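*Asks:* Sharing entry19.txt here; it has compact mmCIF, C-alpha atoms (C1' of nucleotides).
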```
# COMPACT_ATOMS: atom_id res chain seq x y z
CA MET H 1 -60.21 43.83 17.49
CA ILE H 2 -58.86 46.53 15.26
CA GLY H 3 -61.77 48.63 16.46
CA ALA H 4 -60.61 48.06 20.03
CA ARG H 5 -57.10 49.25 19.19
CA VAL H 6 -58.45 52.39 17.55
CA ARG H 7 -60.65 53.07 20.54
CA GLY H 8 -57.70 52.41 22.86
CA LEU H 9 -55.47 54.83 21.02
CA ARG H 10 -58.18 57.45 20.90
CA GLU H 11 -58.89 57.24 24.63
CA GLU H 12 -55.20 57.27 25.36
CA LYS H 13 -55.09 60.62 23.61
CA GLY H 14 -58.08 61.76 25.66
CA ILE H 15 -60.07 62.76 22.59
CA SER H 16 -63.75 62.12 22.02
CA LEU H 17 -65.22 60.07 19.21
CA SER H 18 -66.98 63.13 17.84
CA ALA H 19 -63.80 65.18 17.89
CA LEU H 20 -61.71 62.52 16.18
CA ALA H 21 -64.34 62.03 13.50
CA ARG H 22 -64.35 65.78 12.89
CA LEU H 23 -60.55 65.96 12.72
CA ALA H 24 -60.29 63.00 10.41
CA GLY H 25 -63.07 64.26 8.20
CA VAL H 26 -65.18 61.12 8.51
CA GLY H 27 -68.69 60.68 9.78
CA LYS H 28 -69.31 59.88 13.40
CA ALA H 29 -71.37 56.91 12.26
CA THR H 30 -68.33 55.64 10.43
CA LEU H 31 -66.00 55.92 13.38
CA SER H 32 -68.56 54.53 15.79
CA GLY H 33 -69.22 51.55 13.53
CA LEU H 34 -65.52 50.96 13.09
CA GLU H 35 -64.74 51.03 16.79
CA ASN H 36 -67.61 48.66 17.51
CA GLY H 37 -66.61 46.29 14.76
CA VAL H 38 -69.91 46.66 12.90
CA ARG H 39 -68.30 48.08 9.82
CA ASN H 40 -65.54 46.86 7.64
CA PRO H 41 -63.67 50.06 6.85
CA THR H 42 -61.97 50.97 3.63
CA LEU H 43 -58.27 51.76 3.70
CA GLU H 44 -59.00 55.40 2.98
CA THR H 45 -61.18 55.68 6.08
CA LEU H 46 -58.78 53.85 8.32
CA TYR H 47 -55.87 55.92 7.09
CA ALA H 48 -57.65 59.21 7.73
CA ILE H 49 -58.24 58.11 11.31
CA THR H 50 -54.83 56.69 12.17
CA ALA H 51 -53.20 59.76 10.67
CA GLN H 52 -55.07 61.95 13.15
CA LEU H 53 -54.10 59.61 15.95
CA GLY H 54 -50.50 60.16 14.96
CA VAL H 55 -49.79 56.49 14.41
CA PRO H 56 -48.98 54.50 11.29
CA LEU H 57 -51.65 52.27 9.83
CA THR H 58 -49.67 49.29 10.98
CA ALA H 59 -50.14 50.30 14.62
CA VAL H 60 -53.79 49.26 14.57
CA LEU H 61 -53.24 46.24 12.37
CA ALA H 62 -50.49 45.04 14.71
CA GLU H 63 -49.62 41.56 13.61
CA PRO H 64 -48.72 39.86 16.89
CA ALA H 65 -45.48 38.04 16.02
CA ALA H 66 -44.02 40.80 13.89
CA THR H 67 -40.54 41.21 15.38
CA PRO H 68 -38.73 38.31 17.00
CA THR H 69 -37.92 38.67 20.66
CA VAL H 70 -35.56 36.75 22.89
CA HIS H 71 -36.57 35.94 26.43
CA GLY H 72 -34.34 34.77 29.24
CA ALA H 73 -34.29 34.54 33.01
CA ALA H 74 -33.52 38.24 33.41
CA VAL H 75 -33.06 39.56 29.87
CA HIS H 76 -35.71 40.46 27.32
CA ALA H 77 -34.41 41.52 23.91
CA THR H 78 -36.22 42.70 20.77
CA LEU H 79 -34.49 42.60 17.42
CA LEU H 80 -34.67 46.04 15.84
CA GLU H 81 -32.56 45.60 12.78
CA VAL H 82 -30.13 43.29 11.02
CA PHE H 83 -27.35 44.76 8.97
CA THR H 84 -24.83 42.92 6.80
CA ASP H 85 -21.73 44.39 5.26
CA THR H 86 -18.69 42.94 3.59
CA ASP H 87 -17.00 41.49 6.63
CA ALA H 88 -19.59 41.18 9.36
CA THR H 89 -23.26 40.88 10.20
CA TYR H 90 -24.77 43.07 12.91
CA GLU H 91 -27.90 42.59 14.94
CA LEU H 92 -29.21 45.56 16.85
CA TYR H 93 -31.39 44.73 19.85
CA ARG H 94 -33.41 46.70 22.33
CA MET H 95 -32.61 45.04 25.65
CA ARG H 96 -34.24 45.14 29.09
CA VAL H 97 -32.73 43.50 32.15
CA ARG H 98 -34.95 42.85 35.14
CA PRO H 99 -33.50 43.50 38.58
CA GLY H 100 -33.00 40.61 41.00
CA THR H 101 -31.61 37.60 39.19
CA GLY H 102 -28.85 37.82 36.61
CA GLN H 103 -28.47 35.76 33.48
CA LEU H 104 -25.59 33.73 32.06
CA SER H 105 -25.37 33.27 28.29
CA PRO H 106 -23.28 30.62 26.57
CA ALA H 107 -20.31 31.50 24.36
CA HIS H 108 -20.91 32.59 20.76
CA GLN H 109 -18.71 31.77 17.80
CA PRO H 110 -15.09 33.00 17.94
CA GLY H 111 -14.71 36.69 17.12
CA VAL H 112 -18.27 37.71 18.00
CA THR H 113 -18.39 40.97 19.96
CA GLU H 114 -21.15 42.63 21.92
CA HIS H 115 -21.64 46.36 22.35
CA VAL H 116 -24.05 47.73 24.91
CA THR H 117 -25.18 51.30 25.48
CA VAL H 118 -27.08 51.73 28.73
CA PHE H 119 -30.17 53.96 28.61
CA SER H 120 -31.23 53.73 32.23
CA GLY H 121 -30.33 51.76 35.34
CA VAL H 122 -26.94 50.26 36.06
CA LEU H 123 -25.76 47.24 34.12
CA ARG H 124 -23.08 44.74 35.09
CA ALA H 125 -22.18 42.60 32.11
CA GLY H 126 -19.32 41.01 30.18
CA PRO H 127 -17.28 37.80 30.29
CA ALA H 128 -18.55 35.70 33.19
CA ASP H 129 -15.18 35.83 34.95
CA ALA H 130 -14.60 39.56 34.49
CA PRO H 131 -17.80 41.61 34.03
CA SER H 132 -17.75 45.42 34.01
CA THR H 133 -20.26 47.94 35.27
CA ALA H 134 -21.85 50.81 33.37
CA PRO H 135 -24.36 53.44 34.59
CA ALA H 136 -27.00 55.16 32.44
CA GLY H 137 -25.29 56.62 29.41
CA GLY H 138 -22.42 54.19 29.77
CA TYR H 139 -21.02 51.82 27.20
CA LEU H 140 -19.69 48.28 27.49
CA ARG H 141 -18.03 46.02 24.96
CA TRP H 142 -16.54 42.56 25.12
CA VAL H 143 -15.60 39.59 23.01
CA SER H 144 -18.39 37.09 23.58
CA ASP H 145 -16.76 33.84 22.56
CA VAL H 146 -16.74 32.89 26.24
CA PRO H 147 -19.74 32.52 28.54
CA HIS H 148 -20.96 35.97 29.58
CA SER H 149 -23.36 37.44 32.05
CA TYR H 150 -25.90 40.24 32.36
CA ALA H 151 -27.32 41.64 35.57
CA ALA H 152 -29.04 44.79 36.74
CA VAL H 153 -27.23 46.46 39.64
CA GLY H 154 -29.62 47.70 42.30
CA ASP H 155 -33.38 47.33 42.05
CA GLU H 156 -33.97 49.38 38.93
CA GLU H 157 -34.63 47.74 35.58
CA VAL H 158 -31.93 48.31 32.99
CA ASP H 159 -32.80 49.56 29.49
CA ALA H 160 -30.12 49.37 26.88
CA SER H 161 -29.30 48.78 23.25
CA LEU H 162 -27.27 45.70 22.38
CA LEU H 163 -25.29 45.38 19.21
CA LEU H 164 -24.05 41.91 18.26
CA ARG H 165 -21.30 41.74 15.68
CA TYR H 166 -20.76 38.44 13.85
CA PRO H 167 -17.56 38.52 11.75
CA ARG H 168 -17.84 36.80 8.39
CA ARG H 169 -16.37 33.36 8.77
CA MET U 1 -49.18 52.24 -4.96
CA ILE U 2 -50.54 49.58 -2.70
CA GLY U 3 -51.99 48.07 -5.83
CA ALA U 4 -48.53 47.94 -7.32
CA ARG U 5 -47.21 46.08 -4.30
CA VAL U 6 -50.01 43.52 -4.49
CA ARG U 7 -49.37 43.04 -8.18
CA GLY U 8 -45.66 42.72 -7.54
CA LEU U 9 -46.17 40.06 -4.90
CA ARG U 10 -48.62 38.18 -7.07
CA GLU U 11 -46.31 38.13 -10.09
CA GLU U 12 -43.43 37.15 -7.86
CA LYS U 13 -45.46 34.10 -6.94
CA GLY U 14 -46.16 33.47 -10.61
CA ILE U 15 -49.91 33.34 -10.10
CA SER U 16 -52.55 34.90 -12.35
CA LEU U 17 -55.01 37.56 -11.33
CA SER U 18 -57.90 35.19 -12.01
CA ALA U 19 -56.36 32.44 -9.90
CA LEU U 20 -55.60 34.70 -6.96
CA ALA U 21 -59.11 36.11 -7.05
CA ARG U 22 -60.50 32.58 -7.02
CA LEU U 23 -58.26 31.49 -4.13
CA ALA U 24 -59.04 34.57 -2.09
CA GLY U 25 -62.75 34.29 -2.77
CA VAL U 26 -63.07 37.79 -4.21
CA GLY U 27 -64.27 38.90 -7.61
CA LYS U 28 -61.82 39.40 -10.42
CA ALA U 29 -63.20 42.87 -10.85
CA THR U 30 -62.30 43.58 -7.25
CA LEU U 31 -58.73 42.41 -7.57
CA SER U 32 -58.26 44.07 -10.92
CA GLY U 33 -59.58 47.35 -9.59
CA LEU U 34 -57.41 47.09 -6.52
CA GLU U 35 -54.23 46.42 -8.44
CA ASN U 36 -54.96 49.31 -10.78
CA GLY U 37 -55.74 51.68 -7.98
CA VAL U 38 -59.27 52.48 -9.13
CA ARG U 39 -60.85 50.95 -6.04
CA ASN U 40 -60.41 51.71 -2.41
CA PRO U 41 -60.53 48.26 -0.84
CA THR U 42 -62.03 47.34 2.49
CA LEU U 43 -59.80 45.67 5.06
CA GLU U 44 -61.71 42.43 4.61
CA THR U 45 -60.92 42.33 0.91
CA LEU U 46 -57.29 43.25 1.37
CA TYR U 47 -56.85 40.70 4.10
CA ALA U 48 -58.34 37.88 2.03
CA ILE U 49 -55.85 38.67 -0.71
CA THR U 50 -52.69 39.12 1.35
CA ALA U 51 -53.50 35.94 3.27
CA GLN U 52 -53.42 33.98 0.01
CA LEU U 53 -50.19 35.68 -0.96
CA GLY U 54 -48.74 34.44 2.30
CA VAL U 55 -47.76 37.88 3.55
CA PRO U 56 -49.00 39.96 6.47
CA LEU U 57 -51.23 42.91 5.74
CA THR U 58 -48.40 45.21 6.69
CA ALA U 59 -46.31 43.94 3.77
CA VAL U 60 -48.48 45.80 1.28
CA LEU U 61 -49.16 48.83 3.44
CA ALA U 62 -45.48 49.64 3.99
CA GLU U 63 -45.85 53.28 4.92
CA PRO U 64 -43.23 55.18 2.94
CA ALA U 65 -42.92 57.90 5.58
CA ALA U 66 -43.72 55.58 8.49
CA THR U 67 -40.43 56.14 10.29
CA PRO U 68 -39.13 59.69 10.11
CA THR U 69 -35.78 60.11 8.47
CA VAL U 70 -33.35 62.95 8.68
CA HIS U 71 -31.41 63.94 5.60
CA GLY U 72 -28.37 66.13 5.45
CA ALA U 73 -25.44 66.92 3.21
CA ALA U 74 -23.63 63.73 4.20
CA VAL U 75 -25.75 62.11 6.89
CA HIS U 76 -28.90 60.05 6.46
CA ALA U 77 -30.53 58.89 9.70
CA THR U 78 -33.62 56.75 10.33
CA LEU U 79 -35.38 56.82 13.66
CA LEU U 80 -35.67 53.25 14.98
CA GLU U 81 -37.10 53.84 18.40
CA VAL U 82 -37.90 56.47 21.00
CA PHE U 83 -37.61 55.62 24.64
CA THR U 84 -38.54 57.73 27.63
CA ASP U 85 -37.62 57.03 31.21
CA THR U 86 -37.82 59.06 34.36
CA ASP U 87 -34.95 61.42 33.69
CA ALA U 88 -34.28 61.37 29.97
CA THR U 89 -35.65 60.68 26.51
CA TYR U 90 -33.63 58.61 24.07
CA GLU U 91 -33.82 58.42 20.32
CA LEU U 92 -32.10 55.56 18.61
CA TYR U 93 -31.16 56.15 14.97
CA ARG U 94 -29.70 54.09 12.22
CA MET U 95 -27.14 56.40 10.60
CA ARG U 96 -25.31 56.37 7.28
CA VAL U 97 -22.61 58.85 6.38
CA ARG U 98 -21.64 59.26 2.74
CA PRO U 99 -17.95 59.63 1.95
CA GLY U 100 -16.65 62.89 0.45
CA THR U 101 -18.26 65.83 2.14
CA GLY U 102 -18.78 66.08 5.87
CA GLN U 103 -21.67 67.64 7.74
CA LEU U 104 -21.91 70.18 10.52
CA SER U 105 -24.90 70.07 12.88
CA PRO U 106 -25.96 72.93 15.13
CA ALA U 107 -25.87 72.65 18.93
CA HIS U 108 -28.67 70.88 20.76
CA GLN U 109 -30.08 71.87 24.14
CA PRO U 110 -27.67 71.82 27.10
CA GLY U 111 -26.95 68.34 28.44
CA VAL U 112 -27.84 66.43 25.29
CA THR U 113 -25.35 63.67 24.57
CA GLU U 114 -24.75 61.58 21.46
CA HIS U 115 -23.51 57.99 21.42
CA VAL U 116 -22.36 56.38 18.20
CA THR U 117 -21.41 52.77 17.53
CA VAL U 118 -19.74 52.30 14.16
CA PHE U 119 -20.79 49.26 12.14
CA SER U 120 -18.59 49.70 9.10
CA GLY U 121 -16.29 52.33 7.64
CA VAL U 122 -14.36 54.89 9.66
CA LEU U 123 -16.20 57.80 11.28
CA ARG U 124 -14.78 61.09 12.43
CA ALA U 125 -17.30 62.91 14.57
CA GLY U 126 -17.79 64.97 17.71
CA PRO U 127 -17.62 68.63 18.76
CA ALA U 128 -16.68 70.67 15.74
CA ASP U 129 -13.45 71.87 17.34
CA ALA U 130 -12.35 68.46 18.67
CA PRO U 131 -13.77 65.50 16.73
CA SER U 132 -12.59 61.93 17.37
CA THR U 133 -12.17 59.01 15.03
CA ALA U 134 -13.62 55.50 15.35
CA PRO U 135 -13.15 52.47 13.07
CA ALA U 136 -15.72 49.68 12.54
CA GLY U 137 -16.74 48.35 15.93
CA GLY U 138 -15.68 51.59 17.60
CA TYR U 139 -17.67 53.84 19.87
CA LEU U 140 -17.85 57.62 20.18
CA ARG U 141 -19.64 59.84 22.63
CA TRP U 142 -19.80 63.55 23.16
CA VAL U 143 -21.89 66.30 24.70
CA SER U 144 -23.70 67.86 21.77
CA ASP U 145 -24.64 71.25 23.17
CA VAL U 146 -22.03 72.73 20.85
CA PRO U 147 -21.94 72.52 17.04
CA HIS U 148 -20.70 69.10 16.03
CA SER U 149 -19.57 67.37 12.86
CA TYR U 150 -19.83 64.02 11.13
CA ALA U 151 -17.60 62.79 8.34
CA ALA U 152 -16.63 59.50 6.76
CA VAL U 153 -12.86 58.93 6.70
CA GLY U 154 -11.66 57.46 3.42
CA ASP U 155 -13.98 56.62 0.54
CA GLU U 156 -16.13 54.02 2.28
CA GLU U 157 -19.63 54.84 3.50
CA VAL U 158 -20.05 54.72 7.27
CA ASP U 159 -22.86 52.70 8.85
CA ALA U 160 -23.54 53.30 12.52
CA SER U 161 -26.12 53.51 15.23
CA LEU U 162 -26.69 56.89 16.86
CA LEU U 163 -28.22 57.30 20.27
CA LEU U 164 -29.40 60.77 21.27
CA ARG U 165 -30.02 61.36 24.94
CA TYR U 166 -32.20 64.32 25.95
CA PRO U 167 -32.16 64.87 29.73
CA ARG U 168 -35.46 65.84 31.27
CA ARG U 169 -35.49 69.59 31.75
C1' DA T 1 -85.89 73.47 36.91
C1' DA T 2 -84.72 74.79 32.27
C1' DC T 3 -81.04 75.33 29.24
C1' DC T 4 -77.07 74.24 26.51
C1' DA T 5 -73.12 71.74 24.94
C1' DT T 6 -71.16 67.51 23.98
C1' DC T 7 -71.11 62.72 24.29
C1' DG T 8 -71.78 58.05 21.46
C1' DT T 9 -75.41 55.53 18.86
C1' DT T 10 -78.94 54.99 15.34
C1' DC T 11 -81.50 56.18 11.14
C1' DC T 12 -81.33 57.13 6.26
C1' DG T 13 -80.30 58.43 1.37
C1' DT T 14 -76.18 58.33 -1.51
C1' DA T 15 -71.91 56.82 -3.34
C1' DA T 16 -69.00 53.20 -4.18
C1' DA T 17 -66.99 48.54 -3.37
C1' DC T 18 -68.59 44.13 -4.16
C1' DG T 19 -69.16 39.45 -7.09
C1' DG T 20 -70.79 37.48 -11.42
C1' DA T 21 -71.10 37.65 -16.22
C1' DA T 22 -69.73 39.21 -20.63
C1' DC T 23 -65.98 40.79 -23.42
C1' DG T 24 -61.74 40.89 -26.51
C1' DG T 25 -57.05 39.10 -26.84
C1' DC T 26 -53.88 35.43 -26.79
C1' DT T 27 -52.17 30.53 -26.74
C1' DT T 28 -52.74 25.58 -27.22
C1' DA T 29 -55.16 21.44 -29.07
C1' DC T 30 -57.35 18.82 -32.41
C1' DG J 1 -59.50 26.86 -39.02
C1' DT J 2 -62.01 26.68 -35.26
C1' DA J 3 -62.92 25.26 -30.79
C1' DA J 4 -61.48 25.45 -26.01
C1' DG J 5 -59.09 27.54 -22.20
C1' DC J 6 -57.17 31.06 -19.70
C1' DC J 7 -55.74 35.77 -19.35
C1' DG J 8 -57.04 40.73 -17.54
C1' DT J 9 -60.58 44.38 -18.22
C1' DT J 10 -65.22 46.23 -18.38
C1' DC J 11 -70.19 46.19 -17.58
C1' DC J 12 -73.95 45.79 -14.32
C1' DG J 13 -77.14 44.81 -10.48
C1' DT J 14 -76.61 44.12 -5.46
C1' DT J 15 -74.65 45.01 -1.14
C1' DT J 16 -72.67 47.95 2.07
C1' DA J 17 -69.62 51.66 3.78
C1' DC J 18 -70.16 56.40 3.62
C1' DG J 19 -71.48 61.33 5.78
C1' DG J 20 -75.25 64.14 7.67
C1' DA J 21 -79.02 64.51 10.66
C1' DA J 22 -81.76 63.08 14.46
C1' DC J 23 -81.72 60.87 18.84
C1' DG J 24 -81.44 60.01 23.98
C1' DA J 25 -78.05 60.42 27.73
C1' DT J 26 -74.94 62.99 30.58
C1' DG J 27 -72.73 66.94 32.82
C1' DG J 28 -72.11 71.87 33.65
C1' DT J 29 -74.23 76.66 34.04
C1' DT J 30 -77.57 80.13 35.25
```
Show me, as structure tokens, the structure contained in the file I just sent.
*Replies:*
Amino acid sequence: MIGARVRGLREEKGISLSALARLAGVGKATLSGLENGVRNPTLETLYAITAQLGVPLTAVLAEPAATPTVHGAAVHATLLEVFTDTDATYELYRMRVRPGTGQLSPAHQPGVTEHVTVFSGVLRAGPADAPSTAPAGGYLRWVSDVPHSYAAVGDEEVDASLLLRYPRR
Amino acid sequence: MIGARVRGLREEKGISLSALARLAGVGKATLSGLENGVRNPTLETLYAITAQLGVPLTAVLAEPAATPTVHGAAVHATLLEVFTDTDATYELYRMRVRPGTGQLSPAHQPGVTEHVTVFSGVLRAGPADAPSTAPAGGYLRWVSDVPHSYAAVGDEEVDASLLLRYPRR
DNA sequence: AACCATCGTTCCGTAAACGGAACGGCTTAC
DNA sequence: GTAAGCCGTTCCGTTTACGGAACGATGGTT
């Protein structure tokens, strides 16, 4: 299970077991046993290996439900960070919008605003009765205390960052 | 270091070393050695312990330098995510700008653009010879193939997200 | 075909992580 | 006062993860 992830990462890098063991300064027997789940590695060993793979230890320990995600008909969003300051709370999401269907979201509390920066694709989003369009690199922003919509324009998936701002009530 | 985090979590729960060792089914010598950093635990051992503490393994592994950060005279930025699509690579940063001094950054490659959404404070940033100003909730964007500057306006720290877009060359 | 390099696994002696027991220190009970 | 209980550390014999070497398998070269 963790062995499989190590093996996956190693093969993704196109590097042999022998070579990785040499780079990491561990025995081939150690790495082989680890990848096959026969051994129960120490942290030191695992760290030496993940370091050479260029990933943090956590990448191979990957707790499944680590970061909350929001799914919808067309939108998939992953919460990257929550930030609170004196007069508002912010949630920063990584957002993907599938082409084809759009998605309508209900109104938030009064004063909540959304800020979207489009990475790729073309996004049409905003208040349901007056959405705007933004291409890759574009920026949209609206007050989301009314129902609002998201849709990918064309047949390309849209990647974007979404910032939700909740004013302190 | 990881021992300190385990000890911290255990004391936070108000549970004794002996009791935690008993619950986790590991020897007291093992837990004692782990907390004091004289042993190099196996994953199995560490997992048994963190499970009883009610935290994921990752909580005690917290890589200090897991996510690269960029320090400067006034700017502190943490890389949240890197995203590559067919014609550009994006880096999304969480950025903080200290009040007082500003900071000048050298030019990037041609075509690189920066997109900033301000969370709190007032930011003055952009090409060194023509910066713009944005309050909380505001958005700035410029082509950063010339030297550019960042500065907090007033005496409040600026919190923002910074998106760097590197076109495929 | 014979050779050579490298692959991943297996064998083996050593080093160290393991659990249990013994220890000294401290508090509470009788 | 001393016995009992729990604390965290240290001692010790057992178990096992460790690295190095040997192994058979595979692919490329002469």
*Asks:* What are the residues of chain J lining chain U at 12 Å or less? Count only C-alpha atoms (C1' of nucleotides), and put the answer as a ChimeraX atom specification.
*Replies:* /J:6-12,16-17
*Asks:* Just need the residues of chain U within 7 Å of chain H, counting all atoms listed in the file, so spit them out as a list in words.
*Replies:*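 Contact residues on the first chain: Asn40, Pro41, Thr42, Leu43, Glu44, Thr58 and Ala66 of chain U.
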*Asks:* Around (-31.0, 54.3, 10.9), as given in the file, which residues come within 6 Å? Count only C-alpha atoms (C1' of nucleotides) and list them as JSON, numbers by chain.
*Replies:* {"U": [77, 78, 79, 93, 94, 95]}
*Asks:* Taking only C-alpha atoms (C1' of nucleotides) into account, name the residue in J:DC18, J:DG13, J:DA25, J:DG1 that is nearest to T:DA16.
*Replies:*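 Looking only at the distances to T:DA16, the closest residue turns out to be J:DC18.
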*Asks:* Given a cut-off of 12 Å, which residues of chain T touch chain H, counting all atoms listed in the file, written out as a PyMOL selection string?
*Replies:* chain T and resi 6-12+16-17
*Asks:* Go ahead and compute the interatomic distance for atom CA of U:Gly8 and atom C1' of T:DA22, in Å to one decimal.
*Replies:*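 Atom CA of U:Gly8 sits 27.6 Å away from atom C1' of T:DA22.
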*Asks:* I'd like the interatomic distance between atom CA of U:Glu91 and atom CA of H:Glu157, to a tenth of an Å.
*Replies:* 18.6 Å
*Asks:* Using the file's own x, y and z axes, so that the box edges lie along x, y and z, what centre and edge lengths in Å (one decimal) does a box around every listed atom of stretch 49-57 of chain U get when 6 Å is added on each side? Give it as AutoDock Vina command-line options.
*Replies:*
```
--center_x -51.8 --center_y 38.4 --center_z 2.8 --size_x 20.1 --size_y 20.9 --size_z 19.4
```
